[in-house]
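*Asks:* This is data-v4.txt (compact mmCIF, C-alpha atoms).
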```txt
# COMPACT_ATOMS: atom_id res chain seq x y z
CA MET A 201 4.75 -43.97 29.33
CA SER A 202 4.81 -44.08 33.14
CA GLU A 203 2.54 -46.35 35.18
CA CYS A 204 -0.95 -44.97 35.73
CA THR A 205 -1.58 -43.66 39.26
CA HIS A 206 -5.28 -42.95 38.53
CA ASP A 207 -4.75 -39.36 39.62
CA CYS A 208 -6.03 -37.49 36.53
CA GLY A 209 -5.54 -34.11 38.17
CA SER A 210 -1.76 -34.43 38.04
CA CYS A 211 -1.48 -36.34 34.76
CA SER A 212 -1.02 -34.89 31.28
CA GLN A 213 -1.90 -38.05 29.38
CA ASN A 214 -5.17 -38.11 27.45
CA CYS A 215 -5.94 -41.78 27.92
CA ALA A 216 -9.23 -43.64 27.77
CA GLU A 217 -9.39 -43.86 31.56
CA ARG A 218 -9.02 -40.11 32.05
CA LYS A 219 -11.82 -38.52 34.06
CA MET A 220 -12.04 -34.78 34.76
CA ASP A 221 -14.81 -32.93 36.48
CA PRO A 222 -16.01 -30.16 34.10
CA LYS A 223 -16.00 -27.79 37.10
CA ASP A 224 -12.20 -28.12 37.19
CA PHE A 225 -12.01 -25.85 34.13
CA LEU A 226 -14.31 -23.09 35.41
CA GLU A 227 -12.82 -19.60 35.59
CA ALA A 228 -13.77 -17.24 38.39
CA PRO A 229 -15.45 -14.02 37.25
CA HIS A 230 -14.00 -10.64 38.17
CA LYS A 231 -13.93 -10.26 41.94
CA ASP A 232 -16.33 -7.29 41.76
CA ALA A 233 -18.72 -8.84 39.24
CA LYS A 234 -22.12 -10.17 40.26
CA ILE A 235 -23.82 -12.53 37.81
CA LYS A 236 -26.69 -14.86 38.67
CA ARG A 237 -27.35 -16.78 35.44
CA VAL A 238 -25.25 -17.25 32.30
CA ILE A 239 -27.22 -18.25 29.19
CA GLY A 240 -25.45 -19.25 25.97
CA VAL A 241 -27.07 -18.63 22.59
CA VAL A 242 -25.66 -21.02 20.01
CA SER A 243 -26.19 -22.27 16.47
CA GLY A 244 -24.76 -25.02 14.34
CA LYS A 245 -23.88 -22.59 11.53
CA GLY A 246 -23.68 -18.90 10.82
CA GLY A 247 -26.34 -16.63 9.39
CA VAL A 248 -29.36 -17.98 11.24
CA GLY A 249 -29.95 -14.95 13.48
CA LYS A 250 -28.18 -15.93 16.67
CA SER A 251 -27.20 -12.34 17.52
CA LEU A 252 -30.77 -11.19 16.92
CA VAL A 253 -32.15 -13.82 19.29
CA THR A 254 -29.50 -12.93 21.88
CA SER A 255 -30.49 -9.26 21.67
CA LEU A 256 -34.21 -9.98 21.91
CA LEU A 257 -33.70 -12.22 24.93
CA ALA A 258 -31.76 -9.47 26.69
CA VAL A 259 -34.36 -6.83 25.79
CA GLY A 260 -37.31 -9.02 26.76
CA MET A 261 -35.93 -10.00 30.15
CA SER A 262 -34.94 -6.41 30.84
CA ARG A 263 -38.54 -5.38 30.25
CA ARG A 264 -39.63 -7.96 32.79
CA GLY A 265 -37.56 -6.22 35.42
CA PHE A 266 -34.37 -8.29 35.28
CA ARG A 267 -30.92 -6.75 34.93
CA THR A 268 -29.38 -8.16 31.75
CA GLY A 269 -26.05 -8.12 29.96
CA VAL A 270 -24.66 -9.41 26.67
CA LEU A 271 -21.17 -10.86 26.30
CA ASP A 272 -20.38 -10.86 22.58
CA ALA A 273 -18.25 -13.98 22.14
CA ASP A 274 -18.38 -13.80 18.33
CA ILE A 275 -14.97 -12.14 18.17
CA THR A 276 -14.45 -12.20 14.40
CA GLY A 277 -18.04 -11.22 13.57
CA PRO A 278 -19.25 -8.98 16.40
CA SER A 279 -22.66 -7.43 15.76
CA ILE A 280 -24.08 -6.82 19.24
CA PRO A 281 -22.79 -3.22 19.59
CA LYS A 282 -24.30 -2.29 16.22
CA VAL A 283 -27.68 -3.79 17.10
CA PHE A 284 -27.81 -1.84 20.37
CA GLY A 285 -26.37 1.37 18.91
CA VAL A 286 -23.22 1.21 21.07
CA HIS A 287 -20.25 2.81 19.32
CA SER A 288 -18.17 4.05 22.25
CA ARG A 289 -14.88 2.51 23.36
CA ALA A 290 -14.85 0.35 26.47
CA MET A 291 -13.76 2.16 29.60
CA GLY A 292 -11.66 0.74 32.38
CA THR A 293 -10.24 1.40 35.81
CA GLU A 294 -7.33 -0.04 37.74
CA ASP A 295 -9.69 -2.78 38.86
CA GLY A 296 -11.01 -3.93 35.48
CA ILE A 297 -13.02 -3.23 32.34
CA LEU A 298 -16.45 -1.62 32.56
CA PRO A 299 -19.14 -2.82 30.15
CA ALA A 300 -21.01 -0.22 28.12
CA LYS A 301 -24.64 0.42 28.96
CA THR A 302 -27.37 0.77 26.35
CA SER A 303 -30.17 3.33 26.47
CA THR A 304 -32.25 1.03 28.70
CA GLY A 305 -29.37 -0.09 30.90
CA ILE A 306 -28.40 -3.40 29.28
CA GLN A 307 -24.68 -4.06 29.83
CA VAL A 308 -22.65 -4.93 26.73
CA MET A 309 -19.09 -6.07 26.10
CA SER A 310 -17.67 -6.78 22.64
CA VAL A 311 -14.30 -6.75 20.91
CA ASN A 312 -15.56 -3.89 18.72
CA MET A 313 -15.45 -1.72 21.81
CA LEU A 314 -11.70 -2.32 22.10
CA LEU A 315 -10.82 -1.41 18.51
CA GLU A 316 -9.94 2.10 17.30
CA ASP A 317 -11.92 1.40 14.13
CA GLU A 318 -15.00 -0.77 14.60
CA THR A 319 -14.77 -1.89 10.96
CA ALA A 320 -11.21 -3.22 11.41
CA PRO A 321 -11.04 -7.01 10.91
CA VAL A 322 -10.02 -9.19 13.82
CA VAL A 323 -7.39 -11.45 12.24
CA TRP A 324 -6.45 -13.58 15.21
CA ARG A 325 -5.78 -17.27 15.64
CA GLY A 326 -8.12 -19.52 17.58
CA PRO A 327 -6.27 -19.61 20.94
CA ILE A 328 -6.08 -15.79 21.09
CA ILE A 329 -9.77 -15.48 20.28
CA ALA A 330 -10.65 -18.02 22.96
CA GLN A 331 -8.48 -16.20 25.50
CA THR A 332 -10.19 -12.89 24.68
CA VAL A 333 -13.60 -14.40 25.38
CA LYS A 334 -12.30 -15.73 28.68
CA GLN A 335 -11.06 -12.23 29.58
CA PHE A 336 -14.54 -10.82 28.92
CA TRP A 337 -15.58 -13.03 31.82
CA THR A 338 -12.62 -12.64 34.18
CA GLU A 339 -11.72 -8.96 33.64
CA VAL A 340 -15.07 -7.26 33.00
CA ILE A 341 -16.94 -5.92 36.00
CA TRP A 342 -20.48 -7.08 35.23
CA GLN A 343 -22.66 -5.11 37.64
CA ASP A 344 -25.48 -6.99 39.40
CA VAL A 345 -26.56 -8.94 36.31
CA ASP A 346 -29.48 -11.36 36.62
CA PHE A 347 -29.00 -12.81 33.13
CA LEU A 348 -25.75 -12.61 31.16
CA PHE A 349 -26.45 -13.74 27.58
CA VAL A 350 -23.42 -15.01 25.66
CA ASP A 351 -23.68 -14.55 21.89
CA MET A 352 -21.55 -17.43 20.65
CA PRO A 353 -19.86 -17.85 17.29
CA PRO A 354 -21.36 -20.59 15.12
CA GLY A 355 -20.12 -24.14 15.14
CA THR A 356 -18.36 -26.31 17.70
CA GLY A 357 -14.83 -24.90 17.67
CA ASP A 358 -12.45 -23.24 20.11
CA VAL A 359 -14.71 -20.49 21.43
CA PRO A 360 -17.83 -22.57 22.19
CA LEU A 361 -15.57 -25.12 23.88
CA THR A 362 -13.90 -22.38 25.93
CA VAL A 363 -17.24 -20.89 26.97
CA PHE A 364 -18.70 -24.27 27.91
CA GLN A 365 -15.63 -25.14 29.98
CA SER A 366 -14.79 -21.76 31.52
CA LEU A 367 -18.18 -20.18 32.31
CA PRO A 368 -20.88 -21.57 34.60
CA ILE A 369 -23.47 -21.93 31.85
CA ALA A 370 -26.95 -22.38 33.30
CA GLY A 371 -28.27 -23.45 29.91
CA ILE A 372 -28.19 -22.75 26.18
CA VAL A 373 -30.75 -21.67 23.62
CA VAL A 374 -30.19 -23.18 20.17
CA VAL A 375 -31.10 -21.03 17.16
CA THR A 376 -32.09 -22.64 13.89
CA SER A 377 -33.85 -21.81 10.61
CA PRO A 378 -36.32 -23.77 8.45
CA GLN A 379 -33.88 -25.33 5.98
CA GLU A 380 -33.38 -29.07 6.43
CA LEU A 381 -29.59 -28.60 6.18
CA VAL A 382 -29.64 -26.29 9.20
CA SER A 383 -31.79 -28.74 11.14
CA MET A 384 -29.14 -31.40 10.57
CA ILE A 385 -26.35 -29.09 11.74
CA VAL A 386 -28.34 -28.19 14.87
CA GLY A 387 -27.70 -31.76 15.97
CA LYS A 388 -23.99 -31.04 16.20
CA ALA A 389 -24.52 -28.13 18.59
CA VAL A 390 -27.02 -30.11 20.66
CA ASN A 391 -24.73 -33.13 20.89
CA MET A 392 -21.75 -30.96 21.84
CA ALA A 393 -23.75 -29.45 24.69
CA LYS A 394 -24.77 -32.91 25.87
CA MET A 395 -21.15 -34.07 25.77
CA MET A 396 -20.22 -31.08 27.96
CA ASN A 397 -23.19 -31.64 30.32
CA ILE A 398 -24.65 -28.24 29.45
CA PRO A 399 -28.45 -27.99 29.87
CA ILE A 400 -30.29 -27.27 26.60
CA LEU A 401 -33.20 -24.95 27.31
CA GLY A 402 -34.88 -25.19 23.92
CA LEU A 403 -34.97 -24.20 20.26
CA VAL A 404 -35.78 -20.91 18.56
CA GLU A 405 -36.46 -20.83 14.82
CA ASN A 406 -35.58 -17.63 13.00
CA MET A 407 -36.77 -16.67 9.50
CA SER A 408 -39.64 -19.07 10.12
CA TYR A 409 -42.11 -17.30 7.81
CA VAL A 410 -43.20 -14.00 6.27
CA GLN A 411 -46.61 -12.68 7.26
CA CYS A 412 -48.60 -11.01 4.51
CA PRO A 413 -49.45 -7.45 5.61
CA ASP A 414 -52.77 -7.58 3.75
CA CYS A 415 -54.31 -10.96 4.55
CA GLY A 416 -52.15 -12.08 7.49
CA LYS A 417 -51.28 -15.40 5.84
CA LYS A 418 -47.92 -16.90 6.88
CA LEU A 419 -45.70 -17.77 3.92
CA GLU A 420 -42.84 -20.24 4.46
CA VAL A 421 -40.38 -18.69 2.01
CA PHE A 422 -37.54 -21.04 3.00
CA GLY A 423 -39.67 -24.14 2.73
CA GLN A 424 -41.51 -26.21 5.27
CA SER A 425 -40.19 -25.94 8.79
CA HIS A 426 -38.51 -28.95 10.39
CA LEU A 427 -38.52 -27.42 13.84
CA GLU A 428 -41.07 -29.74 15.41
CA GLU A 429 -39.26 -32.79 14.03
CA THR A 430 -35.93 -31.56 15.36
CA ALA A 431 -37.41 -30.69 18.75
CA LYS A 432 -39.03 -34.12 19.02
CA GLU A 433 -35.84 -35.90 17.95
CA TYR A 434 -33.83 -34.29 20.75
CA ASP A 435 -36.74 -34.00 23.23
CA LEU A 436 -36.48 -30.21 23.44
CA PRO A 437 -39.13 -27.51 23.81
CA VAL A 438 -39.80 -24.94 21.09
CA LEU A 439 -39.25 -21.50 22.63
CA GLY A 440 -40.34 -19.38 19.70
CA ARG A 441 -40.58 -18.76 15.97
CA LEU A 442 -39.37 -15.46 14.55
CA PRO A 443 -40.68 -14.26 11.17
CA LEU A 444 -38.76 -12.35 8.55
CA ASP A 445 -39.81 -8.85 9.55
CA PRO A 446 -38.47 -5.74 7.78
CA GLN A 447 -39.26 -3.61 10.83
CA VAL A 448 -37.01 -5.74 13.05
CA ALA A 449 -34.27 -5.59 10.40
CA ALA A 450 -34.58 -1.80 10.36
CA LEU A 451 -34.30 -1.63 14.16
CA CYS A 452 -31.09 -3.67 14.01
CA ASP A 453 -29.63 -1.43 11.31
CA GLU A 454 -30.54 1.67 13.32
CA GLY A 455 -29.14 0.30 16.57
CA SER A 456 -32.60 0.50 18.11
CA ILE A 457 -33.39 -3.12 18.93
CA GLU A 458 -34.64 -1.98 22.35
CA LEU A 459 -37.69 -0.53 20.57
CA PHE A 460 -38.68 -4.04 19.45
CA ASP A 461 -42.36 -4.81 19.96
CA GLY A 462 -43.40 -8.43 19.55
CA ASP A 463 -44.45 -11.52 21.48
CA TRP A 464 -42.64 -14.17 19.45
CA LEU A 465 -40.30 -15.12 22.30
CA ASN A 466 -42.76 -15.02 25.19
CA SER A 467 -42.25 -18.74 25.84
CA ALA A 468 -38.52 -18.15 26.13
CA TYR A 469 -39.07 -15.24 28.52
CA ASP A 470 -41.40 -17.36 30.65
CA MET A 471 -38.86 -20.18 30.79
CA LEU A 472 -36.03 -17.84 31.81
CA GLN A 473 -38.16 -16.12 34.42
CA GLY A 474 -38.93 -19.53 35.86
CA MET A 475 -35.22 -20.12 36.39
CA MET A 476 -35.18 -17.24 38.89
CA GLU A 477 -38.22 -18.32 40.90
```
Translate the structure described by the file into structure tokens.

*Replies:*
Amino acid sequence: MSECTHDCGSCSQNCAERKMDPKDFLEAPHKDAKIKRVIGVVSGKGGVGKSLVTSLLAVGMSRRGFRTGVLDADITGPSIPKVFGVHSRAMGTEDGILPAKTSTGIQVMSVNMLLEDETAPVVWRGPIIAQTVKQFWTEVIWQDVDFLFVDMPPGTGDVPLTVFQSLPIAGIVVVTSPQELVSMIVGKAVNMAKMMNIPILGLVENMSYVQCPDCGKKLEVFGQSHLEETAKEYDLPVLGRLPLDPQVAALCDEGSIELFDGDWLNSAYDMLQGMME
């Protein structure tokens, strides 16, 4: 091993003294893209409703007059096009790839839009998946987007690391569910973000309860929520609680999430709007 020159920018060694500015890894967006804020939506594990929260954030902020987009970074489990009813192939020009637009003008980019058959599995290794996500940032012409929401795959692997390092993330929203196991795994996502110096905007709990249509009573079908405890432990605000709602599930299945009508994420919308003021 050669003598240390203390110039980490030209050194390949991963020693204890190594220091690298996170900004050194940032990738420039497409030259014609205009994006003001990039918001990551993450979870410690799969199946907690991260894509649903991403979609509702995009819809809610669009209704408040902001131009929104969704970058579907969950390459092996893309669901954003289905939720928004987008089934067309991505179009491109000599300059770059054009995102699809939903019925209300939300811009969407997902690997499903590059496949001949949207049900075909994406059997790729981690580095290829991470590179694809990076290309959705560098080669897609996002058009005057106020908020670009990134629907991340679960966990703390290659893709979340690539997104955190390559994109100028203004903050992340962490999605959880009532089970104590999930609350424990949330800590991994939160601690990863802190390690990467990514601001954590708050927590959203999905599947929080079922509301009886007759009496209005809220039933905690997955047990008592640990959201407040988790929020207090990591000093984070609670941005919303989403119930199990068959009408929302039907809208997702029909590709009509833009017809969603609910105020469960108003605190999240207020927080995001405040970032632009």

*Asks:* Residues at most 6 Å from range 398-401 of chain A, counting only C-alpha atoms, excluding those fewer than 2 positions away in the same chain, as a list of chain:residue names?

*Replies:* A:Gly371, A:Ile372, A:Val373, A:Ala393, A:Lys394, A:Met396

*Asks:* I need the chosen residues saved as a PDB file, in the frame of the given file, with C-alpha atoms.

*Replies:*
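Contents of the output file again-v2.pdb:
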```
ATOM      1  CA  GLY A 371     -28.270 -23.450  29.910  1.00  0.00           C
ATOM      2  CA  ILE A 372     -28.190 -22.750  26.180  1.00  0.00           C
ATOM      3  CA  VAL A 373     -30.750 -21.670  23.620  1.00  0.00           C
ATOM      4  CA  ALA A 393     -23.750 -29.450  24.690  1.00  0.00           C
ATOM      5  CA  LYS A 394     -24.770 -32.910  25.870  1.00  0.00           C
ATOM      6  CA  MET A 396     -20.220 -31.080  27.960  1.00  0.00           C
TER       7      MET A 396
END
```

*Asks:* Please return as a PyMOL selection string every residue within 12 Å of (-22.2, -30.8, 23.4), taking into account all atoms listed in the file and the file's own coordinates.

*Replies:* chain A and resi 242-244+355-357+360-361+363-365+371-372+374+386-400

*Asks:* Mind writing the picked residues with C-alpha atoms as a CSV table (one decimal), in the frame of the given file?

*Replies:*
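Result file is out-v8.csv:
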```
chain,number,residue,atom,x,y,z
A,242,VAL,CA,-25.7,-21.0,20.0
A,243,SER,CA,-26.2,-22.3,16.5
A,244,GLY,CA,-24.8,-25.0,14.3
A,355,GLY,CA,-20.1,-24.1,15.1
A,356,THR,CA,-18.4,-26.3,17.7
A,357,GLY,CA,-14.8,-24.9,17.7
A,360,PRO,CA,-17.8,-22.6,22.2
A,361,LEU,CA,-15.6,-25.1,23.9
A,363,VAL,CA,-17.2,-20.9,27.0
A,364,PHE,CA,-18.7,-24.3,27.9
A,365,GLN,CA,-15.6,-25.1,30.0
A,371,GLY,CA,-28.3,-23.4,29.9
A,372,ILE,CA,-28.2,-22.8,26.2
A,374,VAL,CA,-30.2,-23.2,20.2
A,386,VAL,CA,-28.3,-28.2,14.9
A,387,GLY,CA,-27.7,-31.8,16.0
A,388,LYS,CA,-24.0,-31.0,16.2
A,389,ALA,CA,-24.5,-28.1,18.6
A,390,VAL,CA,-27.0,-30.1,20.7
A,391,ASN,CA,-24.7,-33.1,20.9
A,392,MET,CA,-21.8,-31.0,21.8
A,393,ALA,CA,-23.8,-29.4,24.7
A,394,LYS,CA,-24.8,-32.9,25.9
A,395,MET,CA,-21.2,-34.1,25.8
A,396,MET,CA,-20.2,-31.1,28.0
A,397,ASN,CA,-23.2,-31.6,30.3
A,398,ILE,CA,-24.6,-28.2,29.4
A,399,PRO,CA,-28.4,-28.0,29.9
A,400,ILE,CA,-30.3,-27.3,26.6
```

*Asks:* What lies within 7 Å of Ser310 in chain A using all atoms listed in the file, ignoring chain neighbours under 6 positions off, as a PDB file with C-alpha atoms, in the coordinates of the input?

*Replies:*
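selection-v6.pdb written:
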```
ATOM      1  CA  LEU A 271     -21.170 -10.860  26.300  1.00  0.00           C
ATOM      2  CA  ASP A 272     -20.380 -10.860  22.580  1.00  0.00           C
ATOM      3  CA  PRO A 278     -19.250  -8.980  16.400  1.00  0.00           C
ATOM      4  CA  PRO A 281     -22.790  -3.220  19.590  1.00  0.00           C
TER       5      PRO A 281
END
```

*Asks:* Tell me which of A:Met352, A:Ala450, A:Cys415, A:Met471 sits closest to Val241 in chain A, counting all atoms listed in the file.

*Replies:* A:Met352

*Asks:* So what do you get for CA of Glu458 in chain A versus CA of Ile235 in chain A, distance-wise?

*Replies:* 21.6 Å

*Asks:* May I ask which of the residues A:Ser366, A:Asn406, A:Gln343, A:Gln379 is the closest one to Thr254 in chain A, counting only C-alpha atoms?

*Replies:*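 Checking each of A:Ser366, A:Asn406, A:Gln343, A:Gln379 against Thr254 in chain A, counting only C-alpha atoms, the winner is A:Asn406.
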
*Asks:* Please, what distance in Å, to one decimal, runs between CA of Asp351 in chain A and CA of Asp274 in chain A?

*Replies:*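 Between CA of Asp351 in chain A and CA of Asp274 in chain A the gap is 6.4 Å.
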
*Asks:* May I have the residues within 10 Å of Asp295 in chain A as a count of residues only, using all atoms listed in the file and disregarding those fewer than 3 positions away in the same chain?

*Replies:* 8

*Asks:* Tell me which residues come within 7 Å of (-33.4, -30.1, 24.9), as a list in words, counting all atoms listed in the file in the file's coordinates.

*Replies:*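 Every residue inside that radius is included here: Ile400, Leu401, Gly402, Tyr434, Asp435, Leu436 and Pro437 of chain A.
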
*Asks:* Quote the spacing between CA of Ile369 in chain A and CA of Gly265 in chain A in Å to one decimal place.

*Replies:* 21.4 Å

*Asks:* Rank A:Val359, A:Val350, A:Met291, A:Val308 by their smallest atom-to-atom distance to Lys250 in chain A, using only C-alpha atoms, and report the top residue only.

*Replies:*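 Using only C-alpha atoms, the shortest distance to Lys250 in chain A belongs to A:Val350.
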
*Asks:* For Val323 in chain A, which residue out of A:Ser303, A:Thr276, A:Ser377, A:Gln447 is the nearest one, using all atoms listed in the file?

*Replies:*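 Comparing A:Ser303, A:Thr276, A:Ser377, A:Gln447 against Val323 in chain A, the winner is A:Thr276.
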